[in-house]
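Worksheet: the structure to be examined is printed underneath.
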Amino acid sequence: MEIKKELIKRDIAGDTVLVPVGKTVMENNGLFILNELGAFIWDMLPELGSEEEAVSAVLREYDIDARSDTAEFFEKLRGFGIID
């Protein structure tokens, strides 16, 4: 999946955040805070071909069915225009 915004992942005071850089600073006000699952999926985004691949990876890594959480995360990414 292609990330359409310029965002840098950083760990700040125990939180994982996406920091807008470049022109994305003007388009977005503020940081995006990720939970552990969101950070895990974010790291895989460039290699993923679909949401189902993310669900499978989450199941392998955490041994949980996070289908609804994964769908919600992707919906938010689309809502912010981060992915298509």
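Starting from 1 in every chain, residues are counted up; chains themselves are A, B, ... following the order of the structure tokens, and ligands are numbered from 1 as listed.
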
Exercise for review: Write out as a PyMOL selection string the residues lying within 12 Å of A:Glu53, counting only C-alpha atoms and excluding same-chain residues fewer than 2 positions away.
Suggested key: chain A and resi 1+41+44-51+55-60+66-67+70-71

Check your understanding: Can you tell me, as an NGL selection string, what residues are no more than 9 Å from A:Pro20 when counting only C-alpha atoms, ignoring any on the same chain fewer than 2 positions away?
Key -> :A and (5-8 or 18 or 22-32)

**Study point:** DSSP-assigned alpha helix (DSSP H) among chain A, expressed as a ChimeraX atom specification
**Key:** /A:24-27,36-44,51-62,67-79

Practice item. Find, counting only C-alpha atoms, the residue in A:Glu2, A:Asp43, A:Asp11, A:Glu36 that gets nearest to A:Asp69. Key: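 Distance minimum relative to A:Asp69 lands on A:Glu36.
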
Check your understanding: How many Å separate atom CA of A:Gly79 from atom CA of A:Asp65?
Key ->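 Calculated distance between atom CA of A:Gly79 and atom CA of A:Asp65 is 23.2 Å.
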
Practice item. Just list the residues in chain A DSSP gives strand (DSSP E) on the backbone, as JSON, numbers by chain. Key: {"A": [7, 8, 9, 10, 11, 12, 15, 16, 17, 18, 19, 20, 32, 33, 34]}

Keeping only N, CA and C atoms, write those residues as a JSON list (two decimals), in the first residue's frame.
```
[["chain", "number", "residue", "atom", "x", "y", "z"],
["A", 7, "LEU", "N", 4.87, 11.49, 6.46],
["A", 7, "LEU", "CA", 4.77, 11.30, 7.90],
["A", 7, "LEU", "C", 5.98, 10.49, 8.37],
["A", 8, "ILE", "N", 6.50, 10.89, 9.51],
["A", 8, "ILE", "CA", 7.62, 10.18, 10.11],
["A", 8, "ILE", "C", 7.16, 9.60, 11.44],
["A", 9, "LYS", "N", 7.40, 8.31, 11.63],
["A", 9, "LYS", "CA", 7.04, 7.66, 12.89],
["A", 9, "LYS", "C", 8.13, 7.92, 13.92],
["A", 10, "ARG", "N", 7.70, 8.36, 15.09],
["A", 10, "ARG", "CA", 8.63, 8.63, 16.19],
["A", 10, "ARG", "C", 8.05, 8.09, 17.49],
["A", 11, "ASP", "N", 8.94, 7.69, 18.39],
["A", 11, "ASP", "CA", 8.54, 7.34, 19.75],
["A", 11, "ASP", "C", 8.84, 8.53, 20.63],
["A", 12, "ILE", "N", 7.79, 9.10, 21.22],
["A", 12, "ILE", "CA", 7.94, 10.31, 22.04],
["A", 12, "ILE", "C", 7.29, 10.04, 23.39],
["A", 15, "ASP", "N", 4.97, 7.15, 23.68],
["A", 15, "ASP", "CA", 3.91, 7.06, 22.69],
["A", 15, "ASP", "C", 4.51, 6.96, 21.29],
["A", 16, "THR", "N", 3.83, 6.25, 20.41],
["A", 16, "THR", "CA", 4.23, 6.21, 19.01],
["A", 16, "THR", "C", 3.38, 7.21, 18.26],
["A", 17, "VAL", "N", 4.02, 8.16, 17.60],
["A", 17, "VAL", "CA", 3.29, 9.20, 16.89],
["A", 17, "VAL", "C", 3.78, 9.30, 15.45],
["A", 18, "LEU", "N", 2.88, 9.76, 14.59],
["A", 18, "LEU", "CA", 3.24, 10.09, 13.22],
["A", 18, "LEU", "C", 3.31, 11.60, 13.15],
["A", 19, "VAL", "N", 4.47, 12.10, 12.74],
["A", 19, "VAL", "CA", 4.72, 13.53, 12.69],
["A", 19, "VAL", "C", 4.66, 13.97, 11.23],
["A", 20, "PRO", "N", 3.76, 14.92, 10.91],
["A", 20, "PRO", "CA", 3.71, 15.42, 9.54],
["A", 20, "PRO", "C", 4.98, 16.22, 9.22],
["A", 32, "PHE", "N", -0.44, 12.30, 14.82],
["A", 32, "PHE", "CA", -1.30, 11.12, 14.85],
["A", 32, "PHE", "C", -0.69, 10.16, 15.86],
["A", 33, "ILE", "N", -1.44, 9.81, 16.89],
["A", 33, "ILE", "CA", -0.94, 8.90, 17.91],
["A", 33, "ILE", "C", -1.40, 7.48, 17.58],
["A", 34, "LEU", "N", -0.46, 6.54, 17.58],
["A", 34, "LEU", "CA", -0.76, 5.14, 17.26],
["A", 34, "LEU", "C", -0.68, 4.28, 18.50]]
```

Revision key, fill the gap. re atom CA of A:Phe73 and atom CA of A:Glu52: distance 12.7 Å

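Atom CA of A:Asp63 sits 29.8 Å away from atom CA of A:Lys4.
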